[in-house]
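Trainee: So here's model.txt, just compact mmCIF, C-alpha atoms:
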```
# COMPACT_ATOMS: atom_id res chain seq x y z
CA MET A 27 0.00 0.00 0.00
CA LEU A 28 1.29 3.44 -0.89
CA THR A 29 2.00 5.86 1.94
CA ASP A 30 0.63 9.42 1.81
CA LEU A 31 4.05 10.69 0.71
CA GLU A 32 4.14 8.26 -2.21
CA LYS A 33 0.69 9.11 -3.48
CA CYS A 34 0.42 11.68 -6.24
CA PRO A 35 -2.03 14.39 -5.07
CA ARG A 36 -4.92 15.20 -7.34
CA HIS A 37 -4.57 18.44 -9.29
CA LEU A 38 -6.58 20.36 -11.82
CA LEU A 39 -5.12 21.62 -15.09
CA VAL A 40 -7.35 23.48 -17.53
CA CYS A 41 -6.05 24.24 -21.03
CA GLU A 42 -7.65 26.78 -23.35
CA LYS A 43 -6.81 27.88 -26.88
CA SER A 44 -7.92 31.17 -28.40
CA ASN A 45 -6.73 34.32 -30.12
CA PHE A 46 -6.22 37.69 -28.45
CA LEU A 47 -8.22 39.36 -31.22
CA ASN A 48 -11.20 37.04 -30.78
CA GLU A 49 -14.08 39.03 -29.31
CA LYS A 50 -14.93 36.06 -27.07
CA SER A 51 -11.42 35.78 -25.68
CA ARG A 52 -11.40 35.94 -21.87
CA HIS A 53 -7.66 36.35 -21.35
CA ASP A 54 -8.14 39.74 -19.69
CA VAL A 55 -10.82 38.36 -17.34
CA HIS A 56 -8.59 35.50 -16.21
CA VAL A 57 -5.70 37.87 -15.46
CA ALA A 58 -7.87 40.48 -13.71
CA GLY A 59 -9.56 37.86 -11.51
CA HIS A 60 -6.33 36.32 -10.16
CA TYR A 61 -5.69 38.91 -7.47
CA PHE A 62 -2.77 37.64 -5.38
CA ASN A 63 0.44 36.89 -7.26
CA TYR A 64 3.96 36.49 -5.86
CA LYS A 65 5.97 35.56 -8.95
CA VAL A 66 5.83 36.07 -12.71
CA SER A 67 8.28 34.60 -15.21
CA VAL A 68 8.72 35.58 -18.86
CA LEU A 69 10.54 33.24 -21.24
CA ILE A 70 11.50 34.47 -24.72
CA PRO A 71 13.26 31.97 -27.04
CA GLU A 72 16.04 33.08 -29.37
CA CYS A 73 16.57 36.27 -27.38
CA GLY A 74 19.73 37.12 -25.45
CA THR A 75 18.58 40.16 -23.44
CA LEU A 76 15.28 41.40 -22.10
CA PRO A 77 13.61 43.70 -24.69
CA LEU A 78 13.49 47.38 -23.71
CA GLY A 79 9.69 47.51 -23.58
CA LEU A 80 9.50 44.61 -21.12
CA LYS A 81 12.41 45.97 -19.12
CA SER A 82 10.62 49.30 -18.73
CA ILE A 83 7.44 47.63 -17.46
CA VAL A 84 9.35 45.34 -15.08
CA ASN A 85 11.15 48.34 -13.58
CA SER A 86 7.90 50.27 -13.15
CA ILE A 87 5.96 47.58 -11.28
CA ALA A 88 4.26 49.10 -8.25
CA LYS A 89 5.89 49.06 -4.83
CA TYR A 90 4.16 47.30 -1.99
CA TYR A 91 4.14 47.41 1.80
CA LEU A 92 4.54 44.92 4.61
CA VAL A 93 2.54 46.21 7.59
CA LYS A 94 3.04 44.59 10.98
CA ASN A 95 0.24 43.64 13.38
CA PHE A 96 -2.48 45.54 11.51
CA PRO A 97 -6.03 45.22 12.97
CA ILE A 98 -8.76 44.10 10.56
CA TYR A 99 -11.19 46.70 11.86
CA LYS A 100 -8.90 49.49 10.60
CA ILE A 101 -9.87 48.52 7.05
CA LEU A 102 -13.48 49.42 7.92
CA GLU A 103 -12.69 52.80 9.46
CA GLU A 104 -14.30 55.59 7.46
CA LYS A 105 -11.13 57.28 6.19
CA PHE A 106 -9.51 54.04 5.07
CA LEU A 107 -12.78 52.84 3.57
CA GLU A 108 -13.38 56.00 1.53
CA LYS A 109 -9.82 56.90 0.48
CA GLN A 110 -8.35 53.45 -0.10
CA VAL A 111 -10.96 50.68 -0.39
CA LYS A 112 -13.78 52.40 -2.28
CA ALA A 113 -11.30 54.20 -4.55
CA GLY A 114 -10.60 50.71 -5.95
CA SER A 115 -7.64 48.50 -6.84
CA LEU A 116 -6.36 48.03 -3.28
CA CYS A 117 -5.13 44.50 -2.52
CA ALA A 118 -4.22 43.22 0.93
CA LEU A 119 -3.23 39.71 2.00
CA SER A 120 -2.29 38.40 5.43
CA TYR A 121 1.40 37.50 5.53
CA LYS A 122 2.86 34.18 6.72
CA THR A 123 -0.54 32.79 7.66
CA ARG A 124 -1.28 29.17 6.74
CA ILE A 125 -4.61 28.65 5.03
CA ASP A 126 -5.08 25.17 6.51
CA GLN A 127 -4.10 26.07 10.11
CA ASP A 128 -4.29 29.81 10.82
CA ASN A 129 -6.81 32.61 10.44
CA THR A 130 -6.11 34.17 7.04
CA PHE A 131 -7.44 37.39 5.51
CA ALA A 132 -7.63 39.04 2.12
CA LEU A 133 -9.00 42.33 0.83
CA LEU A 134 -9.91 42.04 -2.86
CA PRO A 135 -9.68 45.06 -5.21
CA THR A 136 -13.46 44.75 -5.64
CA GLY A 137 -13.89 45.79 -1.99
CA LYS A 138 -14.68 42.34 -0.61
CA LEU A 139 -13.02 41.36 2.66
CA VAL A 140 -12.51 37.60 3.02
CA LEU A 141 -11.90 36.06 6.45
CA SER A 142 -10.94 32.36 6.54
CA LEU A 143 -11.25 31.37 10.19
CA ASP A 144 -10.89 28.40 12.47
CA LYS A 145 -14.06 27.21 14.19
CA ASP A 146 -13.37 28.82 17.59
CA THR A 147 -12.62 32.27 16.14
CA TYR A 148 -15.66 32.07 13.87
CA GLU A 149 -18.00 31.25 16.75
CA ASP A 150 -16.50 33.95 18.97
CA LEU A 151 -16.78 36.59 16.24
CA GLY A 152 -20.49 35.95 15.67
CA LEU A 153 -20.65 37.15 12.04
CA GLU A 154 -22.51 35.19 9.36
CA GLY A 155 -20.36 32.96 7.17
CA GLN A 156 -20.23 29.62 5.41
CA PRO A 157 -18.42 26.37 6.25
CA SER A 158 -15.26 25.94 4.20
CA GLN A 159 -15.71 23.73 1.13
CA TYR A 160 -12.68 21.75 2.23
CA ASN A 161 -13.73 20.69 5.72
CA HIS A 162 -13.68 17.13 6.96
CA LYS A 163 -16.89 15.44 8.08
CA VAL A 164 -17.24 18.02 10.88
CA PRO A 165 -16.67 21.69 9.89
CA VAL A 166 -13.44 23.05 11.37
CA ARG A 167 -13.07 26.18 9.20
CA TYR A 168 -15.47 28.90 8.08
CA VAL A 169 -15.30 31.69 5.51
CA ILE A 170 -16.84 35.13 6.06
CA THR A 171 -17.12 37.52 3.12
CA VAL A 172 -17.89 41.17 3.87
CA ASP A 173 -18.72 43.34 0.87
CA LEU A 174 -17.38 46.76 1.83
CA ALA A 175 -18.86 48.28 -1.34
CA ASP A 176 -22.38 47.31 -0.26
CA LYS A 177 -24.49 50.37 0.59
CA SER A 178 -25.96 48.52 3.57
CA LEU A 179 -22.45 48.55 5.07
CA ALA A 180 -21.96 52.31 4.80
CA PRO A 181 -20.62 53.95 7.98
CA GLY A 182 -23.45 54.68 10.41
CA THR A 183 -25.73 51.84 9.32
CA ASN A 184 -26.71 49.12 11.78
CA LYS A 185 -24.88 46.48 9.75
CA TYR A 186 -21.70 48.56 9.74
CA LYS A 187 -21.89 49.06 13.51
CA ARG A 188 -22.44 45.32 14.02
CA VAL A 189 -19.41 44.32 11.93
CA MET A 190 -17.19 46.99 13.50
CA TRP A 191 -18.20 45.91 17.01
CA ALA A 192 -17.43 42.27 16.22
CA LEU A 193 -13.98 43.06 14.75
CA LYS A 194 -12.96 45.80 17.18
CA GLU A 195 -14.57 44.92 20.50
CA LYS A 196 -15.52 41.25 20.46
CA VAL A 197 -12.52 39.65 18.71
CA GLN A 198 -9.84 42.08 17.58
CA LEU A 199 -8.26 40.12 14.74
CA ARG A 200 -4.77 41.24 13.72
CA SER A 201 -2.20 40.13 11.20
CA ASP A 202 0.85 41.19 9.27
CA PHE A 203 -0.32 42.32 5.82
CA LEU A 204 1.06 42.75 2.34
CA MET A 205 -0.65 45.74 0.73
CA ALA A 206 -0.44 47.38 -2.68
CA LYS A 207 -2.54 49.66 -4.82
CA HIS A 208 -2.59 50.18 -8.57
CA LYS A 209 -1.71 53.79 -9.46
CA PRO A 210 -2.21 55.15 -5.92
CA ASP A 211 -3.13 58.82 -5.56
CA GLU A 212 -0.03 59.76 -3.57
CA GLU A 213 -0.93 63.44 -3.46
CA GLU A 214 -4.44 63.13 -2.05
CA CYS A 215 -4.04 60.21 0.36
CA PRO A 216 -0.91 58.06 0.09
CA LEU A 217 -1.39 54.45 1.17
CA ALA A 218 1.52 54.70 3.60
CA SER A 219 -0.28 57.44 5.53
CA CYS A 220 -2.68 54.79 6.83
CA PHE A 221 0.14 52.88 8.54
CA THR A 222 1.78 55.66 10.54
CA ASP A 223 0.76 54.09 13.87
CA TYR A 224 2.19 50.70 12.88
CA GLN A 225 5.55 49.28 11.93
CA TYR A 226 5.78 48.97 8.15
CA LYS A 227 8.31 48.73 5.36
CA GLU A 228 8.18 49.60 1.67
CA TYR A 229 9.43 47.09 -0.91
CA LYS A 230 10.11 46.95 -4.62
CA PRO A 231 9.68 43.62 -6.40
CA SER A 232 12.97 41.80 -6.99
CA VAL A 233 14.00 41.12 -10.60
CA SER A 234 16.21 38.34 -11.92
CA THR A 235 17.20 38.09 -15.60
CA GLN A 236 19.32 35.36 -17.11
CA THR A 237 20.29 34.09 -20.54
CA LEU A 238 19.85 30.36 -21.11
CA SER A 239 21.98 28.55 -23.68
CA ASP A 240 21.53 25.33 -25.68
CA VAL A 241 18.26 24.31 -24.01
CA PRO A 242 16.35 21.29 -25.38
CA CYS A 243 12.95 22.69 -26.40
CA PRO A 244 9.70 20.95 -27.48
CA VAL A 245 8.27 21.77 -30.89
CA ILE A 246 4.78 23.25 -30.63
CA HIS A 247 2.31 24.84 -33.05
CA SER A 248 -0.52 27.14 -32.10
CA LYS A 249 -3.21 25.07 -33.82
CA HIS A 250 -2.25 21.83 -32.07
CA LEU A 251 -3.11 22.28 -28.40
CA LYS A 252 -3.62 18.56 -27.82
CA GLY A 253 -0.67 17.41 -29.88
CA GLN A 254 -2.85 16.11 -32.73
CA ALA A 255 -0.04 16.43 -35.20
CA GLU A 256 3.16 14.38 -35.05
CA GLU A 257 5.24 17.55 -35.36
CA SER A 258 3.73 19.14 -32.23
CA CYS A 259 4.32 18.33 -28.55
CA ASP A 260 1.35 17.55 -26.31
CA SER A 261 0.11 20.53 -24.25
CA GLN A 262 0.55 18.92 -20.82
CA GLU A 263 4.06 17.77 -21.72
CA PHE A 264 4.87 21.32 -22.78
CA VAL A 265 3.69 22.90 -19.52
CA GLU A 266 5.77 20.36 -17.57
CA TRP A 267 8.80 21.31 -19.66
CA LEU A 268 8.09 25.00 -19.09
CA GLY A 269 7.95 24.44 -15.34
CA ALA A 270 11.28 22.62 -15.44
CA VAL A 271 12.98 25.40 -17.39
CA THR A 272 11.69 28.25 -15.23
CA ALA A 273 12.69 26.29 -12.10
CA GLY A 274 16.21 25.78 -13.43
CA ILE A 275 15.91 22.00 -13.83
CA GLU A 276 18.12 20.34 -16.45
CA CYS A 277 16.16 18.71 -19.27
CA ASN A 278 18.92 16.47 -20.66
CA ASN A 279 18.24 13.32 -18.59
CA GLU A 280 21.94 12.60 -18.19
CA ALA A 281 22.89 9.35 -16.50
CA SER A 282 25.18 11.21 -14.08
CA SER A 283 22.36 13.38 -12.73
CA PHE A 284 20.98 12.23 -9.39
CA LEU A 285 18.77 15.30 -8.93
CA SER A 286 16.54 14.94 -11.96
CA THR A 287 15.90 12.34 -14.64
CA TYR A 288 13.49 14.63 -16.47
CA CYS A 289 13.83 14.65 -20.25
CA CYS A 290 12.50 17.18 -22.76
CA PRO A 291 9.56 15.64 -24.68
CA ASP A 292 9.61 14.92 -28.40
CA PRO A 293 9.57 16.32 -30.99
CA ARG A 294 12.31 18.70 -29.88
CA ILE A 295 14.94 21.14 -31.05
CA ILE A 296 17.89 22.81 -29.35
CA MET A 297 17.12 26.41 -28.43
CA GLY A 298 20.38 28.32 -28.97
CA LYS A 299 19.54 30.97 -26.39
CA ALA A 300 16.59 32.28 -24.43
CA CYS A 301 15.91 35.14 -22.03
CA LEU A 302 14.26 34.25 -18.72
CA CYS A 303 13.09 37.12 -16.51
CA THR A 304 11.51 36.49 -13.11
CA VAL A 305 9.86 39.12 -10.91
CA THR A 306 9.06 38.28 -7.27
CA GLY A 307 7.01 40.32 -4.82
CA PHE A 308 3.39 41.31 -4.22
CA LEU A 309 2.23 41.67 -7.81
CA LEU A 310 -1.09 43.16 -8.88
CA PRO A 311 -3.19 41.89 -11.82
CA GLU A 312 -2.62 45.21 -13.62
CA ASN A 313 1.15 44.59 -13.58
CA ILE A 314 0.65 41.13 -15.07
CA TYR A 315 -1.65 42.43 -17.79
CA GLN A 316 0.88 45.10 -18.83
CA LEU A 317 3.53 42.40 -19.23
CA LEU A 318 1.16 40.23 -21.25
CA GLU A 319 0.32 43.07 -23.63
CA GLU A 320 3.98 43.98 -24.08
CA ILE A 321 4.85 40.38 -24.96
CA ARG A 322 2.15 40.49 -27.62
CA HIS A 323 3.72 43.64 -29.07
CA TYR A 324 7.12 41.98 -29.06
CA PHE A 325 5.95 40.18 -32.21
CA ASP A 326 4.91 43.37 -34.01
CA GLU A 327 8.23 43.16 -35.82
CA PRO A 328 9.57 39.87 -37.26
CA LYS A 329 11.35 37.72 -34.66
CA PHE A 330 13.12 34.39 -34.70
CA ALA A 331 11.06 33.25 -31.72
CA PRO A 332 7.81 31.47 -32.74
CA TRP A 333 6.31 31.97 -29.29
CA SER A 334 6.99 33.28 -25.78
CA THR A 335 5.52 32.50 -22.36
CA LEU A 336 4.29 34.25 -19.25
CA THR A 337 3.85 32.18 -16.07
CA VAL A 338 2.20 33.53 -12.92
CA HIS A 339 2.27 31.92 -9.47
CA GLY A 340 -0.32 32.84 -6.88
CA PHE A 341 0.25 32.71 -3.13
CA SER A 342 -0.21 29.14 -1.93
CA ASP A 343 -1.89 30.36 1.28
CA SER A 344 -4.25 32.91 -0.28
CA PRO A 345 -7.89 32.40 0.84
CA VAL A 346 -8.98 32.71 -2.81
CA SER A 347 -7.62 31.63 -6.19
CA TRP A 348 -9.63 33.27 -8.99
CA SER A 349 -12.19 35.92 -8.01
CA THR A 350 -13.89 34.74 -4.79
CA ALA A 351 -13.35 31.00 -5.42
CA GLU A 352 -12.09 29.47 -2.18
CA HIS A 353 -8.51 28.22 -2.27
CA GLY A 354 -7.23 25.32 -0.18
CA PHE A 355 -3.72 24.07 0.50
CA HIS A 356 -3.93 20.26 0.85
CA LYS A 357 -0.39 19.15 -0.12
CA GLY A 358 0.95 21.80 -2.43
CA GLY A 359 -1.25 24.89 -2.56
CA GLU A 360 -1.05 25.03 -6.36
CA ASN A 361 -2.49 28.25 -7.71
CA MET A 362 -1.01 29.38 -11.04
CA TYR A 363 -1.50 30.04 -14.74
CA SER A 364 0.63 30.25 -17.89
CA PHE A 365 0.18 31.90 -21.27
CA VAL A 366 1.93 30.64 -24.38
CA ILE A 367 1.79 33.60 -26.78
CA PHE A 368 2.30 32.92 -30.50
CA ARG A 369 3.37 35.54 -33.01
CA ASN A 370 0.04 35.27 -34.88
CA ASP A 371 -1.83 36.38 -31.68
CA ASP A 372 -2.98 32.83 -30.90
CA TYR A 373 -2.46 31.79 -27.33
CA TRP A 374 -2.66 28.79 -25.05
CA LEU A 375 -3.70 29.34 -21.47
CA TYR A 376 -2.98 26.84 -18.72
CA MET A 377 -4.68 27.27 -15.32
CA ALA A 378 -3.67 24.94 -12.50
CA THR A 379 -4.91 24.41 -8.95
CA GLY A 380 -4.56 21.67 -6.37
CA ALA A 381 -6.93 19.16 -4.84
CA HIS A 382 -8.65 21.68 -2.56
CA ASP A 383 -9.88 24.06 -5.24
CA ALA A 384 -12.75 24.37 -7.64
CA CYS A 385 -12.00 23.94 -11.33
CA PRO A 386 -10.32 27.12 -12.65
CA PRO A 387 -12.76 29.43 -14.47
```
Output the file's structure as C-alpha cells, nothing else.
Mentor:
Amino acid sequence: MLTDLEKCPRHLLVCEKSNFLNEKSRHDVHVAGHYFNYKVSVLIPECGTLPLGLKSIVNSIAKYYLVKNFPIYKILEEKFLEKQVKAGSLCALSYKTRIDQDNTFALLPTGKLVLSLDKDTYEDLGLEGQPSQYNHKVPVRYVITVDLADKSLAPGTNKYKRVMWALKEKVQLRSDFLMAKHKPDEEECPLASCFTDYQYKEYKPSVSTQTLSDVPCPVIHSKHLKGQAEESCDSQEFVEWLGAVTAGIECNNEASSFLSTYCCPDPRIIMGKACLCTVTGFLLPENIYQLLEEIRHYFDEPKFAPWSTLTVHGFSDSPVSWSTAEHGFHKGGENMYSFVIFRNDDYWLYMATGAHDACPP
C-alpha cells in the first residue's frame, strides 16, 4: 500500500486555446480575476537580453508594503474605507498565515473582505459565514465575506456598527499584511499614511534576468493544443517542460544526474539561447496584464522566436484563487496560470490548482 508521501495528489489543469483578437477571448478576465500573485516569469526563445519595452514595465511595477500587526477593523474605518478601499484596486493579504491552520485574511480590489477562520474564532466573532468547502466530516473552518462596497455597510448603518463591534470589540483580529494599490493617488491620500501608527516597510519587487543557452525545447504549433499532429508536442508535456525550465531544472536526462531524470519531450529542437526574466514580490493583476500586452507587441516586428511564455504563481496560502473562489492548501497549494503567446496572436492558457480548489474558471 502506498503511503501518503508516495501518493500523487490530485490536481486540476485546464487548457484553453484562443486568439487575443477574438471578441470572445477571456484572457483579460482570467488575469484580472487572479488577485494575489507572488511571482511572474517571462521566457523568450532566441533572445539574449530582455527587450526594452518589457524591461521598462518590469522596472515600473508598483511598490508594496509589509505592515506589521495591523487590525482588521482598521480597514473598515471611514477614512480608510473612503480613500483606499472604495477608490478601488487596493489588494491586501495576510502575511505568513497558513490557510489550513491559521486565520487568514484578504481584501480584494473589488472591496470584498474575506476572512478564513478556524471554528473557535468564527464562533466567537459571531458574524454570518459559510463552512469551508474543504472541511472534513465536521466543519473546522469557516469563511466570512464582507462586501465593503455594499451600501448597507456604509458607515453609520446598523450592519456597519455590528461588523465593527465584532472586529474591534468582540474579537480584535490582527495580522501582518502585504498591501499594494494600482496607481495610488499619492498626493491626495498616500497608502503609507494609513500605517503611521504601525511598523511597516516599503518594498520593490525583486528582478532576476538570465540568458539560457543550448536548451532542449519541445516543438509546438498554435493550432495543435492537444498534440494532434506528429510535429507538435502535447500541451501537458509542454507545460511540464516549461515548469522545469523556469525552475532551473536540467532537461537532458543525463545518467550522471541524481537530482533529476526529467527529459525534454519529443519532438524537440535545441534552443540556442533564451531570455528568462523572473519578478518576485506582491504583484497586482494590472502589472501582469501590462507584461502580457507587451509580450504580444514583441511580435509586431519579425522575430526568430515562434512563441513566448508568461507564467504567474499565486500565493499558496491565499484564501482565494480566482475571483472569490475558495482556495485550499492540501499538499501543495497550487495556484497558477501560464500563457503561451504565439506571433500570430494565438495563445494557449494553462490554469492549475490543487486538490482543494474548484475547477479554474
Trainee: Out of A:Ala384, A:Ala378, A:Val169, A:Leu139, which residue has the shortest atom-to-atom distance to Phe365 (chain A) when counting all atoms listed in the file?
Mentor: A:Ala378
Trainee: Can you work out which one of A:Ser51, A:Ser219, A:Ser44, A:Asn63 has the shortest atom-to-atom distance to Lys109 (chain A), counting all atoms listed in the file?
Mentor: A:Ser219
Trainee: Could you state the separation of CA of Leu134 (chain A) and CA of Ala118 (chain A) in Å, given to one decimal place?
Mentor: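 Interatomic distance here is 6.9 Å.
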Trainee: To one decimal in Å, tell me the separation between CA of Trp348 (chain A) and CA of Asn361 (chain A).
Mentor: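 Interatomic distance, CA of Trp348 (chain A) to CA of Asn361 (chain A): 8.8 Å.
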Trainee: Which centre and which edge lengths, in Å to one decimal, describe the axis-aligned box that holds all listed atoms of region 300-314 of chain A after 8 Å is added on each side, as lines of an AutoDock Vina configuration file?
Mentor:
```
center_x = 6.7
center_y = 38.7
center_z = -14.3
size_x = 35.8
size_y = 28.9
size_z = 36.2
```
Trainee: When you draw a straight line from CA of Lys100 (chain A) to CA of Arg167 (chain A), how long is it in Å?
Mentor: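 Going from CA of Lys100 (chain A) over to CA of Arg167 (chain A) covers 23.7 Å.
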Trainee: Trp267 (chain A): which residues within 9 Å, counting all atoms listed in the file, same-chain residues fewer than 2 positions away excluded, as a PDB file with C-alpha atoms, keeping the file's coordinate frame?
Mentor:
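Writing the result to result.pdb gives the following:
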```pdb
ATOM      1  CA  CYS A 243      12.950  22.690 -26.400  1.00  0.00           C
ATOM      2  CA  PRO A 244       9.700  20.950 -27.480  1.00  0.00           C
ATOM      3  CA  GLN A 262       0.550  18.920 -20.820  1.00  0.00           C
ATOM      4  CA  GLU A 263       4.060  17.770 -21.720  1.00  0.00           C
ATOM      5  CA  PHE A 264       4.870  21.320 -22.780  1.00  0.00           C
ATOM      6  CA  VAL A 265       3.690  22.900 -19.520  1.00  0.00           C
ATOM      7  CA  GLY A 269       7.950  24.440 -15.340  1.00  0.00           C
ATOM      8  CA  ALA A 270      11.280  22.620 -15.440  1.00  0.00           C
ATOM      9  CA  VAL A 271      12.980  25.400 -17.390  1.00  0.00           C
ATOM     10  CA  THR A 272      11.690  28.250 -15.230  1.00  0.00           C
ATOM     11  CA  CYS A 277      16.160  18.710 -19.270  1.00  0.00           C
ATOM     12  CA  TYR A 288      13.490  14.630 -16.470  1.00  0.00           C
ATOM     13  CA  CYS A 289      13.830  14.650 -20.250  1.00  0.00           C
ATOM     14  CA  CYS A 290      12.500  17.180 -22.760  1.00  0.00           C
ATOM     15  CA  PRO A 291       9.560  15.640 -24.680  1.00  0.00           C
TER      16      PRO A 291
END
```
Trainee: When distances are computed from only C-alpha atoms, which of A:Asn45, A:Gln110, A:Gln225, A:Asn85 shows the smallest separation from Arg369 (chain A)?
Mentor: A:Asn45
Trainee: Residues near Cys220 (chain A), anyone? I mean within 10 Å using only C-alpha atoms, not counting same-chain ones fewer than 3 positions away, as a CSV table (one decimal) with C-alpha atoms, in the frame of the given file.
Mentor:
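selection-v1.csv was written with the following content:
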```
chain,number,residue,atom,x,y,z
A,100,LYS,CA,-8.9,49.5,10.6
A,101,ILE,CA,-9.9,48.5,7.0
A,105,LYS,CA,-11.1,57.3,6.2
A,106,PHE,CA,-9.5,54.0,5.1
A,109,LYS,CA,-9.8,56.9,0.5
A,110,GLN,CA,-8.4,53.4,-0.1
A,215,CYS,CA,-4.0,60.2,0.4
A,216,PRO,CA,-0.9,58.1,0.1
A,217,LEU,CA,-1.4,54.4,1.2
A,223,ASP,CA,0.8,54.1,13.9
A,224,TYR,CA,2.2,50.7,12.9
```
Trainee: Would you mind listing, for every residue of region 152-270 of chain A within 6 Å of region 302-321 of chain A, the two atoms forming the shortest contact and the distance between them in Å to one decimal, using all atoms listed in the file, sorted by chain and ascending residue number, as JSON lines?
Mentor:
```
{"residue": "A:Pro231", "atom": "CA", "partner": "A:Gly307", "partner_atom": "CA", "distance": 4.5}
{"residue": "A:Ser232", "atom": "CA", "partner": "A:Thr306", "partner_atom": "CA", "distance": 5.3}
{"residue": "A:Val233", "atom": "CA", "partner": "A:Val305", "partner_atom": "CA", "distance": 4.6}
{"residue": "A:Ser234", "atom": "CA", "partner": "A:Thr304", "partner_atom": "CA", "distance": 5.2}
{"residue": "A:Thr235", "atom": "CA", "partner": "A:Cys303", "partner_atom": "CA", "distance": 4.3}
{"residue": "A:Gln236", "atom": "CA", "partner": "A:Leu302", "partner_atom": "CA", "distance": 5.4}
```
Trainee: Let me make sure I understand: among A:Ser248, A:Gly340, A:Glu327, A:Leu204, which one has the smallest atom-to-atom distance to Asp371 (chain A) if we use all atoms listed in the file?
Mentor: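 Answer, going by the shortest atom-to-atom distance: A:Ser248.
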Trainee: Counting only C-alpha atoms, which of A:Asn48, A:Thr222, A:Thr183, A:Ser344 gets nearest to Val93 (chain A)?
Mentor: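 Nearest to Val93 (chain A): A:Thr222.
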Trainee: Would you mind telling me which residue in A:Leu76, A:Val172, A:Leu179, A:Val366 lies nearest to Leu238 (chain A) when using all atoms listed in the file?
Mentor: A:Leu76
Trainee: Would you kindly identify which residues have an atom no farther than 7 Å from (-5.0, 26.9, -2.8), using only C-alpha atoms and the file's own coordinates, and write them out as a list in words?
Mentor: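 Result, sorted by chain then residue number: Ser342, Asp343, Ser344, Ser347, His353, Gly354, Phe355, Gly359, Glu360, Asn361, Thr379, Gly380, His382 and Asp383 of chain A.
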Trainee: Which residues are close to Pro165 (chain A), i.e. within 12 Å by only C-alpha atoms, leaving aside same-chain residues fewer than 3 positions away? Reply as a list in words.
Mentor: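 That gives Leu143, Asp144, Lys145, Asp146, Tyr148, Glu149, Gln156, Pro157, Ser158, Gln159, Tyr160, Asn161, His162, Tyr168 and Val169 of chain A.
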